[in-house]
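*Asks:* Pasting run_34.txt below, which is compact mmCIF, C-alpha atoms.
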```txt
# COMPACT_ATOMS: atom_id res chain seq x y z
CA SER A 26 0.00 0.00 0.00
CA LEU A 27 2.84 2.38 0.81
CA MET A 28 4.36 1.74 -2.61
CA LEU A 29 1.06 2.51 -4.34
CA GLU A 30 0.77 5.69 -2.27
CA VAL A 31 4.08 6.82 -3.76
CA CYS A 32 2.98 5.88 -7.29
CA TRP A 33 -0.36 7.61 -6.93
CA SER A 34 1.10 10.78 -5.40
CA ASP A 35 1.53 12.25 -8.89
CA HIS A 36 -2.00 11.02 -9.81
CA HIS A 37 -0.65 8.64 -12.41
CA VAL A 38 0.26 4.98 -12.05
CA ASP A 39 1.83 3.45 -15.13
CA ASP A 40 2.80 -0.08 -16.08
CA ALA A 41 6.50 0.54 -15.33
CA GLU A 42 5.62 1.49 -11.76
CA LEU A 43 3.38 -1.55 -11.27
CA ALA A 44 6.11 -3.79 -12.67
CA ALA A 45 8.59 -2.13 -10.29
CA ILE A 46 6.29 -2.82 -7.32
CA GLN A 47 6.14 -6.48 -8.29
CA ARG A 48 9.91 -6.74 -8.71
CA LEU A 49 10.66 -4.89 -5.47
CA LEU A 50 8.28 -7.03 -3.40
CA VAL A 51 9.82 -10.20 -4.81
CA ASP A 52 13.36 -8.89 -4.24
CA LEU A 53 12.79 -7.49 -0.76
CA TYR A 54 10.56 -10.14 0.73
CA SER A 55 10.89 -13.20 -1.55
CA ILE A 56 7.15 -13.20 -2.22
CA ASP A 57 5.93 -15.31 -5.12
CA SER A 58 4.14 -13.74 -8.10
CA ASP A 59 0.65 -14.87 -7.11
CA LYS A 60 0.95 -13.34 -3.64
CA VAL A 61 2.37 -10.14 -5.12
CA ALA A 62 -0.63 -9.83 -7.45
CA ALA A 63 -2.97 -10.33 -4.49
CA LEU A 64 -1.08 -7.75 -2.42
CA ILE A 65 -1.26 -5.19 -5.23
CA ALA A 66 -5.00 -5.80 -5.68
CA ASP A 67 -5.50 -5.34 -1.93
CA ALA A 68 -3.37 -2.19 -1.94
CA LYS A 69 -5.41 -0.72 -4.81
CA ALA A 70 -8.59 -1.26 -2.80
CA ARG A 71 -6.99 0.32 0.28
CA LEU A 72 -5.79 3.30 -1.77
CA GLU A 73 -9.40 4.31 -2.39
CA THR A 74 -10.16 4.51 1.34
CA ALA A 75 -6.72 5.40 2.73
CA VAL A 76 -6.39 8.29 5.13
CA GLY A 77 -2.64 8.77 4.84
CA LEU A 78 0.63 6.99 5.37
CA HIS A 79 0.47 6.61 9.13
CA PRO A 80 -1.31 3.21 9.31
CA TYR A 81 1.29 1.68 6.99
CA THR A 82 4.34 3.27 8.57
CA SER A 83 3.08 2.49 12.05
CA TYR A 84 2.81 -1.18 11.13
CA LEU A 85 6.31 -1.14 9.62
CA ASN A 86 7.76 0.57 12.69
CA ASP A 87 6.30 -2.17 14.87
CA HIS A 88 7.67 -5.01 12.73
CA LEU A 89 10.92 -3.81 11.13
CA ASP A 90 14.27 -2.69 12.47
CA GLU A 91 16.05 0.43 11.22
CA ALA A 92 17.93 -1.37 8.44
CA GLU A 93 14.70 -2.92 7.15
CA ARG A 94 12.89 0.44 7.26
CA PHE A 95 15.82 1.93 5.33
CA ALA A 96 15.40 -0.83 2.73
CA VAL A 97 11.73 0.11 2.41
CA VAL A 98 12.65 3.74 1.74
CA CYS A 99 15.25 2.61 -0.83
CA ALA A 100 12.52 0.58 -2.51
CA LEU A 101 10.21 3.61 -2.54
CA TRP A 102 12.94 5.61 -4.27
CA GLN A 103 13.48 2.81 -6.80
CA LEU A 104 9.78 2.82 -7.46
CA ALA A 105 9.70 6.58 -7.97
CA MET A 106 12.58 6.26 -10.44
CA ALA A 107 10.90 3.41 -12.38
CA ASP A 108 9.42 5.79 -14.94
CA GLN A 109 12.80 7.56 -15.42
CA ARG A 110 11.76 10.67 -13.48
CA VAL A 111 10.95 11.56 -9.90
CA ASP A 112 7.93 13.77 -9.54
CA ARG A 113 8.02 16.33 -6.71
CA PHE A 114 4.89 14.78 -5.21
CA GLU A 115 6.54 11.36 -5.19
CA GLU A 116 9.57 12.83 -3.45
CA HIS A 117 7.34 14.56 -0.91
CA THR A 118 5.50 11.30 -0.18
CA ILE A 119 8.78 9.42 0.27
CA ARG A 120 10.05 12.17 2.59
CA LYS A 121 6.89 11.88 4.69
CA ALA A 122 7.24 8.10 4.79
CA ALA A 123 10.90 8.35 5.83
CA ASP A 124 9.97 10.78 8.61
CA LEU A 125 7.17 8.49 9.83
CA LEU A 126 9.61 5.56 9.71
CA TYR A 127 11.96 7.55 11.97
CA LEU A 128 14.78 7.73 9.44
CA SER A 129 17.09 10.73 9.62
CA HIS A 130 17.46 13.13 6.71
CA SER A 131 20.91 11.71 6.00
CA ARG A 132 19.43 8.18 5.73
CA PHE A 133 16.70 9.58 3.45
CA ILE A 134 19.37 11.02 1.15
CA GLU A 135 21.46 7.83 1.41
CA ALA A 136 18.42 5.80 0.31
CA LYS A 137 17.88 8.12 -2.65
CA LEU A 138 21.52 7.83 -3.75
CA GLN A 139 21.48 4.07 -3.34
CA ALA A 140 18.34 3.81 -5.47
CA LYS A 141 19.89 6.09 -8.08
CA ASN A 142 23.02 3.88 -8.21
CA LEU A 143 20.87 0.78 -8.61
CA ALA A 144 18.96 2.44 -11.45
CA VAL A 145 22.21 3.23 -13.26
CA GLN A 146 23.38 -0.39 -12.87
CA ASN A 147 20.15 -1.74 -14.34
```
Would you write the structure of this file as structure tokens?

*Replies:*
Amino acid sequence: SLMLEVCWSDHHVDDAELAAIQRLLVDLYSIDSDKVAALIADAKARLETAVGLHPYTSYLNDHLDEAERFAVVCALWQLAMADQRVDRFEEHTIRKAADLLYLSHSRFIEAKLQAKNLAVQN
């Protein structure tokens, strides 16, 4: 759901972003394709009734350590870069998520640079 929030922040979700969500979920959490499709369908439904990032980030704070929360923010950056540009609304949403995940500004920037390096390698 958090990934879709980032995608939707510029009011446009394209196929490259959806493919990036699938790839990132498989890479980060070793989830199989069928479960990823179900998660994305559930996230789309939640997006229509969502009231912000807090429910998602609160859950992640309760279940992930700092390194894992950093990996989530890196994934959000990779997602934002999937369509070869980062919209200012996407960046704002990622910044809010990083703040709610209790990551420092330096870790926020580190995640962005790491995602940028990964994009160059791919």

*Asks:* Hey, can you check how far atom CA of A:Glu42 sits from atom CA of A:Met106?

*Replies:*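 Result for atom CA of A:Glu42 versus atom CA of A:Met106: 8.5 Å, one decimal.
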
*Asks:* For stretch 64-77 of chain A, what centre and edge lengths in Å (one decimal) does the axis-aligned box get once 6 Å is added on each side of all its listed atoms, as AutoDock Vina command-line options?

*Replies:*
```
--center_x -5.6 --center_y 0.5 --center_z -0.3 --size_x 21.1 --size_y 28.5 --size_z 22.8
```

*Asks:* For A:Ile46, list every protein, DNA or RNA residue within 9 Å, evaluated using all atoms listed in the file, and leave out those in the same chain fewer than 6 positions away; present the list as JSON, numbers by chain.

*Replies:* {"A": [28, 29, 61, 65, 100, 101, 104]}

*Asks:* Write out, as an mmCIF file, in the frame of the given file, the residues just selected, with C-alpha atoms.

*Replies:*
```cif
data_model
loop_
_atom_site.group_PDB
_atom_site.id
_atom_site.type_symbol
_atom_site.label_atom_id
_atom_site.label_comp_id
_atom_site.auth_asym_id
_atom_site.auth_seq_id
_atom_site.Cartn_x
_atom_site.Cartn_y
_atom_site.Cartn_z
ATOM 1 C CA MET A 28 4.360 1.740 -2.610
ATOM 2 C CA LEU A 29 1.060 2.510 -4.340
ATOM 3 C CA VAL A 61 2.370 -10.140 -5.120
ATOM 4 C CA ILE A 65 -1.260 -5.190 -5.230
ATOM 5 C CA ALA A 100 12.520 0.580 -2.510
ATOM 6 C CA LEU A 101 10.210 3.610 -2.540
ATOM 7 C CA LEU A 104 9.780 2.820 -7.460
#
```

*Asks:* With distances taken over only C-alpha atoms, which of A:Gln109, A:Ser58, A:Ser129, A:Gln47 is nearest to A:Glu91?

*Replies:*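 Among the listed residues, A:Ser129 lies closest to A:Glu91.
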
*Asks:* Set the distance at 12 Å and use only C-alpha atoms: which residues neighbour A:Leu128 once local chain neighbours fewer than 2 positions away are removed? I'd like the list as a list in words.

*Replies:*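 With the cut-off at 12 Å, the set is Thr82, Asn86, Asp90, Glu91, Ala92, Glu93, Arg94, Phe95, Ala96, Val97, Val98, Cys99, Ile119, Arg120, Lys121, Ala122, Ala123, Asp124, Leu125, Leu126, His130, Ser131, Arg132, Phe133, Ile134, Glu135 and Ala136 of chain A.
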